[in-house]
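Coordinates as given in upload_34.cif (mmCIF, C-alpha atoms):
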```cif
data_model
loop_
_atom_site.label_atom_id
_atom_site.label_comp_id
_atom_site.auth_asym_id
_atom_site.auth_seq_id
_atom_site.Cartn_x
_atom_site.Cartn_y
_atom_site.Cartn_z
CA MET A 1 0.00 0.00 0.00
CA LYS A 2 2.83 2.39 0.80
CA ASP A 3 4.42 1.78 -2.62
CA LEU A 4 1.11 2.56 -4.28
CA CYS A 5 0.68 5.75 -2.25
CA ARG A 6 4.20 6.82 -3.14
CA GLU A 7 3.47 6.40 -6.85
CA LEU A 8 0.18 8.29 -6.55
CA ALA A 9 1.68 11.17 -4.60
CA TRP A 10 4.58 11.64 -7.00
CA ALA A 11 2.25 11.38 -9.99
CA THR A 12 0.29 14.35 -8.66
CA ILE A 13 3.50 16.28 -7.95
CA ASP A 14 4.85 15.60 -11.45
CA ALA A 15 1.56 16.76 -12.95
CA GLY A 16 1.68 20.01 -10.94
CA LEU A 17 -1.72 19.36 -9.37
CA TRP A 18 -0.65 21.02 -6.12
CA GLY A 19 0.88 24.03 -7.85
CA THR A 20 4.12 24.81 -9.64
CA ALA A 21 7.07 26.93 -8.60
CA GLY A 22 9.80 26.25 -11.14
CA THR A 23 12.10 23.37 -10.22
CA VAL A 24 11.03 19.92 -9.04
CA GLU A 25 12.39 20.68 -5.57
CA HIS A 26 10.30 23.84 -5.33
CA ASN A 27 7.25 22.00 -6.67
CA LEU A 28 7.75 19.42 -3.93
CA GLU A 29 7.79 22.13 -1.25
CA VAL A 30 4.62 23.65 -2.68
CA ALA A 31 2.95 20.23 -2.86
CA ALA A 32 3.81 19.42 0.76
CA ILE A 33 2.23 22.68 1.95
CA ALA A 34 -0.89 22.11 -0.16
CA MET A 35 -1.18 18.50 1.02
CA LYS A 36 -0.91 19.61 4.65
CA HIS A 37 -3.87 21.97 4.26
CA GLY A 38 -5.80 19.48 2.16
CA LEU A 39 -5.29 16.69 4.68
CA HIS A 40 -6.45 18.92 7.52
CA GLY A 41 -9.71 19.56 5.70
CA PHE A 42 -10.08 15.89 4.78
CA TYR A 43 -9.55 14.71 8.37
CA THR A 44 -12.09 17.27 9.62
CA GLU A 45 -14.65 16.22 7.00
CA TRP A 46 -14.05 12.55 7.85
CA LYS A 47 -14.78 13.18 11.53
CA GLU A 48 -17.92 15.17 10.73
CA THR A 49 -19.37 12.34 8.64
CA GLY A 50 -19.62 10.24 11.81
CA LEU A 51 -18.04 7.15 10.24
CA ASN A 52 -17.21 4.31 12.59
CA SER A 53 -13.54 4.16 11.61
CA THR A 54 -11.00 6.73 12.74
CA LEU A 55 -7.98 7.79 10.74
CA THR A 56 -4.44 8.15 12.03
CA GLU A 57 -3.42 11.65 11.01
CA ILE A 58 -0.12 12.74 9.49
CA HIS A 59 0.98 15.60 11.72
CA ALA A 60 4.49 16.18 10.37
CA MET A 61 3.71 16.73 6.69
CA SER A 62 6.74 18.17 4.90
CA ALA A 63 8.75 17.73 1.71
CA LYS A 64 11.11 15.36 3.57
CA LEU A 65 8.27 12.87 3.72
CA PHE A 66 8.63 12.26 -0.03
CA GLY A 67 12.41 12.05 -0.40
CA THR A 68 13.85 13.65 -3.51
CA ASN A 69 13.11 13.47 -7.23
CA SER A 70 16.04 11.08 -7.73
CA ASP A 71 15.18 8.98 -4.66
CA ARG A 72 11.42 9.01 -4.29
CA LYS A 73 10.05 7.92 -0.92
CA LEU A 74 6.97 7.98 1.25
CA ARG A 75 7.92 8.04 4.91
CA THR A 76 4.52 7.43 6.46
CA LYS A 77 3.65 4.82 9.05
CA GLY A 78 1.19 2.02 8.35
CA ALA A 79 -1.99 3.59 9.70
CA GLU A 80 -1.01 7.02 8.34
CA THR A 81 -0.61 5.51 4.88
CA TRP A 82 -4.19 4.24 4.86
CA GLY A 83 -5.58 7.69 5.60
CA PHE A 84 -3.27 9.25 3.01
CA LEU A 85 -4.49 6.78 0.39
CA LEU A 86 -8.12 7.68 1.14
CA PHE A 87 -7.23 11.36 0.87
CA LEU A 88 -5.53 11.01 -2.53
CA VAL A 89 -8.41 8.99 -3.98
CA HIS A 90 -10.87 11.50 -2.51
CA MET A 91 -9.04 14.33 -4.29
CA PHE A 92 -8.93 12.32 -7.51
CA ASN A 93 -12.68 11.75 -7.59
CA ARG A 94 -13.59 15.26 -6.48
CA ARG A 95 -11.19 17.28 -8.63
CA TRP A 96 -8.40 15.63 -10.62
CA LYS A 97 -10.49 13.19 -12.67
CA ILE A 98 -12.44 16.10 -14.15
CA GLN A 99 -9.38 18.26 -14.80
CA GLY A 100 -7.78 15.63 -17.03
CA ARG A 101 -4.22 16.68 -16.26
CA LEU A 102 -3.00 13.26 -15.13
CA GLN A 103 -1.36 10.88 -17.58
CA ARG A 104 -3.24 7.72 -18.49
CA GLU A 105 -0.82 5.55 -16.48
CA SER A 106 -1.46 7.70 -13.39
CA VAL A 107 -5.22 7.47 -13.87
CA ARG A 108 -4.88 3.69 -13.95
CA LEU A 109 -3.02 3.83 -10.64
CA PHE A 110 -5.85 5.81 -9.05
CA GLU A 111 -8.37 3.30 -10.39
CA ALA A 112 -6.22 0.55 -8.86
CA ALA A 113 -6.23 2.42 -5.56
CA GLU A 114 -10.03 2.40 -5.62
CA CYS A 115 -9.92 -1.39 -6.05
CA MET A 116 -7.55 -1.63 -3.09
CA ILE A 117 -9.90 0.42 -0.92
CA LYS A 118 -12.92 -1.65 -1.96
CA LEU A 119 -11.00 -4.82 -1.11
CA CYS A 120 -10.05 -3.53 2.33
CA TYR A 121 -13.58 -2.38 3.12
CA ARG A 122 -15.02 -5.70 1.97
CA MET A 123 -12.65 -7.64 4.19
CA ASP A 124 -13.53 -5.37 7.11
CA ASN A 125 -17.22 -6.20 6.74
CA ILE A 126 -17.00 -9.96 6.12
CA GLY A 127 -16.22 -11.15 9.61
CA ARG A 128 -14.06 -14.10 10.60
CA LYS A 129 -15.19 -16.59 7.94
CA PHE A 130 -15.23 -16.22 4.14
CA CYS A 131 -17.88 -17.85 2.01
CA ASP A 132 -17.36 -18.57 -1.70
CA SER A 133 -19.07 -15.37 -2.81
CA ASP A 134 -16.88 -13.32 -0.46
CA ILE A 135 -13.74 -14.89 -1.90
CA ASP A 136 -14.93 -14.33 -5.46
CA GLU A 137 -15.65 -10.66 -4.78
CA CYS A 138 -12.29 -10.07 -3.11
CA LEU A 139 -10.47 -11.86 -5.92
CA GLU A 140 -12.22 -9.69 -8.51
CA HIS A 141 -11.02 -6.55 -6.76
CA TRP A 142 -7.49 -7.93 -6.55
CA LYS A 143 -7.46 -9.13 -10.16
CA ARG A 144 -8.44 -5.68 -11.36
CA PHE A 145 -5.83 -4.09 -9.12
CA CYS A 146 -3.11 -6.32 -10.59
CA SER A 147 -4.30 -5.63 -14.12
CA LEU A 148 -4.28 -1.85 -13.60
CA THR A 149 -0.82 -1.82 -12.02
CA ARG A 150 1.02 -4.31 -14.24
CA HIS A 151 2.69 -1.42 -16.13
CA CYS A 152 4.34 -0.12 -12.93
CA GLU A 153 7.46 -2.19 -12.22
CA ARG A 154 7.90 -0.65 -8.77
CA LEU A 155 4.62 -2.29 -7.69
CA LEU A 156 5.54 -5.76 -8.94
CA THR A 157 6.55 -7.03 -5.52
CA PRO A 158 6.31 -10.51 -3.94
CA LYS A 159 3.38 -9.32 -1.83
CA ARG A 160 1.18 -9.37 -4.94
CA HIS A 161 1.68 -13.14 -5.22
CA ILE A 162 1.27 -13.68 -1.48
CA LEU A 163 -2.10 -11.94 -1.49
CA TRP A 164 -3.34 -14.26 -4.23
CA HIS A 165 -2.66 -17.24 -1.96
CA MET A 166 -4.13 -15.46 1.05
CA LEU A 167 -7.45 -14.89 -0.75
CA GLN A 168 -7.56 -18.31 -2.41
CA ARG A 169 -7.10 -20.01 0.97
CA ALA A 170 -9.48 -17.71 2.83
CA ALA A 171 -12.17 -20.42 3.06
CA PHE A 172 -9.79 -22.43 5.27
CA LEU A 173 -7.66 -19.71 6.91
CA GLY A 174 -10.45 -17.18 7.39
CA ASN A 175 -10.23 -13.40 7.37
CA PRO A 176 -6.59 -12.23 7.56
CA LEU A 177 -7.68 -9.43 9.88
CA PHE A 178 -8.11 -12.04 12.60
CA TYR A 179 -4.66 -13.56 12.27
CA ALA A 180 -2.59 -10.47 11.43
CA ASN A 181 0.70 -10.25 13.28
CA TRP A 182 0.78 -6.58 14.32
CA THR A 183 1.60 -7.53 17.92
CA ASP A 184 4.46 -9.80 16.92
CA GLU A 185 5.93 -7.13 14.64
CA GLY A 186 6.34 -4.95 17.70
CA LEU A 187 8.96 -7.42 18.92
CA ASN A 188 11.25 -6.88 15.92
CA ARG A 189 13.47 -4.48 17.84
CA VAL A 190 13.67 -6.91 20.75
CA LEU A 191 14.56 -9.73 18.37
CA LYS A 192 17.29 -7.62 16.78
CA GLY A 193 18.77 -6.90 20.19
CA ALA A 194 18.66 -10.55 21.16
CA CYS A 195 20.48 -11.59 17.96
CA ARG A 196 23.48 -9.37 18.57
CA GLU A 197 26.79 -11.09 19.33
CA GLN A 198 25.24 -14.55 19.48
CA SER A 199 27.19 -17.63 18.54
CA GLN A 200 26.15 -19.33 15.30
CA VAL A 201 26.58 -22.71 16.97
CA THR A 202 23.90 -22.12 19.60
CA PHE A 203 22.08 -19.27 17.86
CA GLU A 204 18.44 -20.35 18.32
CA GLU A 205 18.83 -21.33 21.96
CA CYS A 206 20.69 -18.15 22.90
CA VAL A 207 18.18 -15.89 21.12
CA LEU A 208 15.20 -17.54 22.83
CA LEU A 209 16.90 -17.25 26.21
CA SER A 210 17.83 -13.61 25.64
CA MET A 211 14.48 -12.28 24.46
CA PRO A 212 12.56 -12.58 27.78
CA PHE A 213 15.14 -10.35 29.47
CA LEU A 214 14.75 -7.63 26.79
CA VAL A 215 10.94 -7.45 26.62
#
```
Produce structure tokens that represent the structure in this file.
Amino acid sequence: MKDLCRELAWATIDAGLWGTAGTVEHNLEVAAIAMKHGLHGFYTEWKETGLNSTLTEIHAMSAKLFGTNSDRKLRTKGAETWGFLLFLVHMFNRRWKIQGRLQRESVRLFEAAECMIKLCYRMDNIGRKFCDSDIDECLEHWKRFCSLTRHCERLLTPKRHILWHMLQRAAFLGNPLFYANWTDEGLNRVLKGACREQSQVTFEECVLLSMPFLV
């Protein structure tokens, strides 16, 4: 999702949708300022709609968040990225689609982002178990996403293939939301600390013994 958001954000910057100020670096500064104001309005509107879900806001919006033109990044955290994706698609449907200033490849990326959002919302509303119709609907969203993004090499990552298996096995494994490993990922730093200066001969035993003392 972060890779997709990065491509979307830079597509809008390249197209000058946030404003232009000469060089790419200046355009990036202008875009960051415009995004900051736009996100503030989007977050406010989201809260006023009374939706059940809450969005994690990006408070430190600046040009540094996007790297440079030669090294394009998106330095948002997981939950921030979801809200940023919703914001970009919101802007696309409200303004940019009508303006027609985006290249066809960029429009396809925004259409793919809509498929991603539909997939996430559908999985949120299914519950723990998937029936055949649920799997078929999710697979259709994912198939269209893959079709719309096949021209973008930076999005051709192993996760695309993993998600195919995840959806195909959903009848047995259930909804991934109920077996996600967010809690375990919080132990990555502890695991890294436990692995330091351990002998390769007794690596597993030493790591398992060290971790309880670092938690």
To verify the selection step, state as a PDB file with C-alpha atoms, in the coordinates of the input which residues the PyMOL selection byres ((chain A and resi 28) around 10) yields on this input.
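The resulting file, selection-v5.pdb, is shown below:
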```pdb
ATOM      1  CA  TRP A  10       4.580  11.640  -7.000  1.00  0.00           C
ATOM      2  CA  ILE A  13       3.500  16.280  -7.950  1.00  0.00           C
ATOM      3  CA  ASP A  14       4.850  15.600 -11.450  1.00  0.00           C
ATOM      4  CA  GLY A  16       1.680  20.010 -10.940  1.00  0.00           C
ATOM      5  CA  TRP A  18      -0.650  21.020  -6.120  1.00  0.00           C
ATOM      6  CA  GLY A  19       0.880  24.030  -7.850  1.00  0.00           C
ATOM      7  CA  THR A  20       4.120  24.810  -9.640  1.00  0.00           C
ATOM      8  CA  ALA A  21       7.070  26.930  -8.600  1.00  0.00           C
ATOM      9  CA  THR A  23      12.100  23.370 -10.220  1.00  0.00           C
ATOM     10  CA  VAL A  24      11.030  19.920  -9.040  1.00  0.00           C
ATOM     11  CA  GLU A  25      12.390  20.680  -5.570  1.00  0.00           C
ATOM     12  CA  HIS A  26      10.300  23.840  -5.330  1.00  0.00           C
ATOM     13  CA  ASN A  27       7.250  22.000  -6.670  1.00  0.00           C
ATOM     14  CA  GLU A  29       7.790  22.130  -1.250  1.00  0.00           C
ATOM     15  CA  VAL A  30       4.620  23.650  -2.680  1.00  0.00           C
ATOM     16  CA  ALA A  31       2.950  20.230  -2.860  1.00  0.00           C
ATOM     17  CA  ALA A  32       3.810  19.420   0.760  1.00  0.00           C
ATOM     18  CA  ILE A  33       2.230  22.680   1.950  1.00  0.00           C
ATOM     19  CA  ALA A  34      -0.890  22.110  -0.160  1.00  0.00           C
ATOM     20  CA  SER A  62       6.740  18.170   4.900  1.00  0.00           C
ATOM     21  CA  ALA A  63       8.750  17.730   1.710  1.00  0.00           C
ATOM     22  CA  LYS A  64      11.110  15.360   3.570  1.00  0.00           C
ATOM     23  CA  PHE A  66       8.630  12.260  -0.030  1.00  0.00           C
ATOM     24  CA  GLY A  67      12.410  12.050  -0.400  1.00  0.00           C
ATOM     25  CA  THR A  68      13.850  13.650  -3.510  1.00  0.00           C
ATOM     26  CA  ASN A  69      13.110  13.470  -7.230  1.00  0.00           C
TER      27      ASN A  69
END
```
Tell me, as a list in words, which residues lie within 9 Å of region 143-154 of chain A, counting only C-alpha atoms; anything in the same chain fewer than 3 positions away does not count.
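Contacts, in chain order: Asp3, Leu4, Glu7, Glu105, Arg108, Leu109, Glu111, Ala112, Ala113, Glu114, Cys115, Met116, Cys138, Leu139, Glu140, Thr157, Arg160 and Trp164 of chain A.
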Kindly export the residues of the current selection with C-alpha atoms, as a CSV table (one decimal), in the coordinates of the input.
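Dumped everything to again-v6.csv:
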```csv
chain,number,residue,atom,x,y,z
A,3,ASP,CA,4.4,1.8,-2.6
A,4,LEU,CA,1.1,2.6,-4.3
A,7,GLU,CA,3.5,6.4,-6.8
A,105,GLU,CA,-0.8,5.6,-16.5
A,108,ARG,CA,-4.9,3.7,-14.0
A,109,LEU,CA,-3.0,3.8,-10.6
A,111,GLU,CA,-8.4,3.3,-10.4
A,112,ALA,CA,-6.2,0.6,-8.9
A,113,ALA,CA,-6.2,2.4,-5.6
A,114,GLU,CA,-10.0,2.4,-5.6
A,115,CYS,CA,-9.9,-1.4,-6.0
A,116,MET,CA,-7.6,-1.6,-3.1
A,138,CYS,CA,-12.3,-10.1,-3.1
A,139,LEU,CA,-10.5,-11.9,-5.9
A,140,GLU,CA,-12.2,-9.7,-8.5
A,157,THR,CA,6.6,-7.0,-5.5
A,160,ARG,CA,1.2,-9.4,-4.9
A,164,TRP,CA,-3.3,-14.3,-4.2
```
Residues near Leu191 (chain A), cut-off 8 Å, only C-alpha atoms, skip fewer than 4 positions along chain, as a PyMOL selection string:
chain A and resi 187+195+207+211
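Residues matched by the PyMOL selection byres ((chain A and resi 175) around 9) in this structure: Met123, Asp124, Ile126, Gly127, Arg128, Lys129, Phe130, Leu167, Ala170, Ala171, Leu173, Gly174, Pro176, Leu177, Phe178 and Tyr179 of chain A.
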Which polymer residues have any atom within 9 Å of an atom of Thr76 (chain A), counting all atoms listed in the file, with same-chain residues fewer than 5 positions away left out, as a count of residues only?
5
Find, counting only C-alpha atoms, the residue in A:Leu208, A:Leu155, A:Leu55, A:Ile98 that gets nearest to Met1 (chain A).
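Nearest to Met1 (chain A): A:Leu155.
Going from CA of Arg169 (chain A) to CA of Cys5 (chain A) covers 27.1 Å.
In this comparison, which uses all atoms listed in the file, the residue of A:Arg94, A:Lys73, A:Lys36, A:Lys159 approaching Trp142 (chain A) most closely is A:Lys159.
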Mind giving me the straight-line distance from CA of Thr56 (chain A) to CA of His90 (chain A) in Å, one decimal?
16.2 Å
Can you work out which one of A:Thr49, A:Thr44, A:Ser133, A:Thr12 has the shortest atom-to-atom distance to Arg95 (chain A), counting all atoms listed in the file?
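Of the candidates, the smallest distance to Arg95 (chain A) is held by A:Thr12.
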What separation in Å, quoted to one decimal, exists between CA of Gly193 (chain A) and CA of Ala79 (chain A)?
25.5 Å
Since the input is missing atoms, can you rebuild all heavy atoms for region 110-121 of chain A and write them as a PDB file, keeping the file's coordinate frame?
```
ATOM      1  N   PHE A 110      -4.765   5.367  -9.940  1.00  0.00           N
ATOM      2  CA  PHE A 110      -5.850   5.810  -9.050  1.00  0.00           C
ATOM      3  C   PHE A 110      -7.025   4.840  -9.109  1.00  0.00           C
ATOM      4  O   PHE A 110      -7.677   4.580  -8.088  1.00  0.00           O
ATOM      5  CB  PHE A 110      -6.291   7.219  -9.423  1.00  0.00           C
ATOM      6  CG  PHE A 110      -5.483   8.292  -8.759  1.00  0.00           C
ATOM      7  CD1 PHE A 110      -4.473   8.952  -9.440  1.00  0.00           C
ATOM      8  CD2 PHE A 110      -5.717   8.640  -7.435  1.00  0.00           C
ATOM      9  CE1 PHE A 110      -3.717   9.932  -8.819  1.00  0.00           C
ATOM     10  CE2 PHE A 110      -4.973   9.617  -6.804  1.00  0.00           C
ATOM     11  CZ  PHE A 110      -3.966  10.268  -7.496  1.00  0.00           C
ATOM     12  N   GLU A 111      -7.314   4.310 -10.277  1.00  0.00           N
ATOM     13  CA  GLU A 111      -8.370   3.300 -10.390  1.00  0.00           C
ATOM     14  C   GLU A 111      -7.983   2.045  -9.619  1.00  0.00           C
ATOM     15  O   GLU A 111      -8.839   1.395  -8.986  1.00  0.00           O
ATOM     16  CB  GLU A 111      -8.622   2.984 -11.858  1.00  0.00           C
ATOM     17  CG  GLU A 111      -9.237   4.154 -12.633  1.00  0.00           C
ATOM     18  CD  GLU A 111      -9.330   3.871 -14.124  1.00  0.00           C
ATOM     19  OE1 GLU A 111      -8.752   2.854 -14.576  1.00  0.00           O
ATOM     20  OE2 GLU A 111      -9.969   4.658 -14.842  1.00  0.00           O
ATOM     21  N   ALA A 112      -6.699   1.696  -9.642  1.00  0.00           N
ATOM     22  CA  ALA A 112      -6.220   0.550  -8.860  1.00  0.00           C
ATOM     23  C   ALA A 112      -6.356   0.819  -7.372  1.00  0.00           C
ATOM     24  O   ALA A 112      -6.704  -0.077  -6.598  1.00  0.00           O
ATOM     25  CB  ALA A 112      -4.761   0.257  -9.224  1.00  0.00           C
ATOM     26  N   ALA A 113      -6.082   2.055  -6.973  1.00  0.00           N
ATOM     27  CA  ALA A 113      -6.230   2.420  -5.560  1.00  0.00           C
ATOM     28  C   ALA A 113      -7.672   2.266  -5.101  1.00  0.00           C
ATOM     29  O   ALA A 113      -7.929   1.837  -3.970  1.00  0.00           O
ATOM     30  CB  ALA A 113      -5.746   3.854  -5.343  1.00  0.00           C
ATOM     31  N   GLU A 114      -8.616   2.593  -5.966  1.00  0.00           N
ATOM     32  CA  GLU A 114     -10.030   2.400  -5.620  1.00  0.00           C
ATOM     33  C   GLU A 114     -10.340   0.926  -5.418  1.00  0.00           C
ATOM     34  O   GLU A 114     -11.112   0.567  -4.526  1.00  0.00           O
ATOM     35  CB  GLU A 114     -10.904   2.997  -6.729  1.00  0.00           C
ATOM     36  CG  GLU A 114     -10.839   4.519  -6.812  1.00  0.00           C
ATOM     37  CD  GLU A 114     -11.710   5.087  -7.918  1.00  0.00           C
ATOM     38  OE1 GLU A 114     -11.723   4.485  -9.022  1.00  0.00           O
ATOM     39  OE2 GLU A 114     -12.371   6.110  -7.677  1.00  0.00           O
ATOM     40  N   CYS A 115      -9.737   0.057  -6.234  1.00  0.00           N
ATOM     41  CA  CYS A 115      -9.920  -1.390  -6.050  1.00  0.00           C
ATOM     42  C   CYS A 115      -9.343  -1.836  -4.722  1.00  0.00           C
ATOM     43  O   CYS A 115      -9.935  -2.670  -4.019  1.00  0.00           O
ATOM     44  CB  CYS A 115      -9.257  -2.150  -7.196  1.00  0.00           C
ATOM     45  SG  CYS A 115     -10.022  -1.898  -8.810  1.00  0.00           S
ATOM     46  N   MET A 116      -8.178  -1.294  -4.368  1.00  0.00           N
ATOM     47  CA  MET A 116      -7.550  -1.630  -3.090  1.00  0.00           C
ATOM     48  C   MET A 116      -8.449  -1.234  -1.920  1.00  0.00           C
ATOM     49  O   MET A 116      -8.624  -2.001  -0.965  1.00  0.00           O
ATOM     50  CB  MET A 116      -6.204  -0.929  -2.985  1.00  0.00           C
ATOM     51  CG  MET A 116      -5.514  -1.073  -1.634  1.00  0.00           C
ATOM     52  SD  MET A 116      -4.911  -2.725  -1.294  1.00  0.00           S
ATOM     53  CE  MET A 116      -3.436  -2.738  -2.342  1.00  0.00           C
ATOM     54  N   ILE A 117      -9.019  -0.055  -1.989  1.00  0.00           N
ATOM     55  CA  ILE A 117      -9.900   0.420  -0.920  1.00  0.00           C
ATOM     56  C   ILE A 117     -11.152  -0.447  -0.817  1.00  0.00           C
ATOM     57  O   ILE A 117     -11.579  -0.817   0.290  1.00  0.00           O
ATOM     58  CB  ILE A 117     -10.264   1.896  -1.163  1.00  0.00           C
ATOM     59  CG1 ILE A 117      -9.022   2.774  -0.994  1.00  0.00           C
ATOM     60  CG2 ILE A 117     -11.374   2.343  -0.210  1.00  0.00           C
ATOM     61  CD1 ILE A 117      -9.236   4.221  -1.411  1.00  0.00           C
ATOM     62  N   LYS A 118     -11.739  -0.792  -1.958  1.00  0.00           N
ATOM     63  CA  LYS A 118     -12.920  -1.650  -1.960  1.00  0.00           C
ATOM     64  C   LYS A 118     -12.600  -3.014  -1.345  1.00  0.00           C
ATOM     65  O   LYS A 118     -13.406  -3.574  -0.592  1.00  0.00           O
ATOM     66  CB  LYS A 118     -13.438  -1.822  -3.387  1.00  0.00           C
ATOM     67  CG  LYS A 118     -14.067  -0.571  -3.975  1.00  0.00           C
ATOM     68  CD  LYS A 118     -14.491  -0.812  -5.411  1.00  0.00           C
ATOM     69  CE  LYS A 118     -15.090   0.447  -6.029  1.00  0.00           C
ATOM     70  NZ  LYS A 118     -15.459   0.252  -7.457  1.00  0.00           N
ATOM     71  N   LEU A 119     -11.416  -3.539  -1.670  1.00  0.00           N
ATOM     72  CA  LEU A 119     -11.000  -4.820  -1.110  1.00  0.00           C
ATOM     73  C   LEU A 119     -10.869  -4.739   0.409  1.00  0.00           C
ATOM     74  O   LEU A 119     -11.352  -5.617   1.140  1.00  0.00           O
ATOM     75  CB  LEU A 119      -9.679  -5.253  -1.737  1.00  0.00           C
ATOM     76  CG  LEU A 119      -9.014  -6.503  -1.160  1.00  0.00           C
ATOM     77  CD1 LEU A 119      -9.915  -7.726  -1.333  1.00  0.00           C
ATOM     78  CD2 LEU A 119      -7.660  -6.748  -1.816  1.00  0.00           C
ATOM     79  N   CYS A 120     -10.239  -3.687   0.884  1.00  0.00           N
ATOM     80  CA  CYS A 120     -10.050  -3.530   2.330  1.00  0.00           C
ATOM     81  C   CYS A 120     -11.380  -3.369   3.056  1.00  0.00           C
ATOM     82  O   CYS A 120     -11.597  -3.973   4.121  1.00  0.00           O
ATOM     83  CB  CYS A 120      -9.151  -2.323   2.607  1.00  0.00           C
ATOM     84  SG  CYS A 120      -7.435  -2.540   2.079  1.00  0.00           S
ATOM     85  N   TYR A 121     -12.272  -2.563   2.498  1.00  0.00           N
ATOM     86  CA  TYR A 121     -13.580  -2.380   3.120  1.00  0.00           C
ATOM     87  C   TYR A 121     -14.375  -3.685   3.124  1.00  0.00           C
ATOM     88  O   TYR A 121     -15.069  -3.996   4.100  1.00  0.00           O
ATOM     89  CB  TYR A 121     -14.363  -1.302   2.374  1.00  0.00           C
ATOM     90  CG  TYR A 121     -14.017   0.105   2.782  1.00  0.00           C
ATOM     91  CD1 TYR A 121     -14.016   1.139   1.846  1.00  0.00           C
ATOM     92  CD2 TYR A 121     -13.696   0.426   4.104  1.00  0.00           C
ATOM     93  CE1 TYR A 121     -13.698   2.441   2.220  1.00  0.00           C
ATOM     94  CE2 TYR A 121     -13.381   1.711   4.479  1.00  0.00           C
ATOM     95  CZ  TYR A 121     -13.383   2.724   3.535  1.00  0.00           C
ATOM     96  OH  TYR A 121     -13.077   4.001   3.911  1.00  0.00           O
TER      97      TYR A 121
END
```
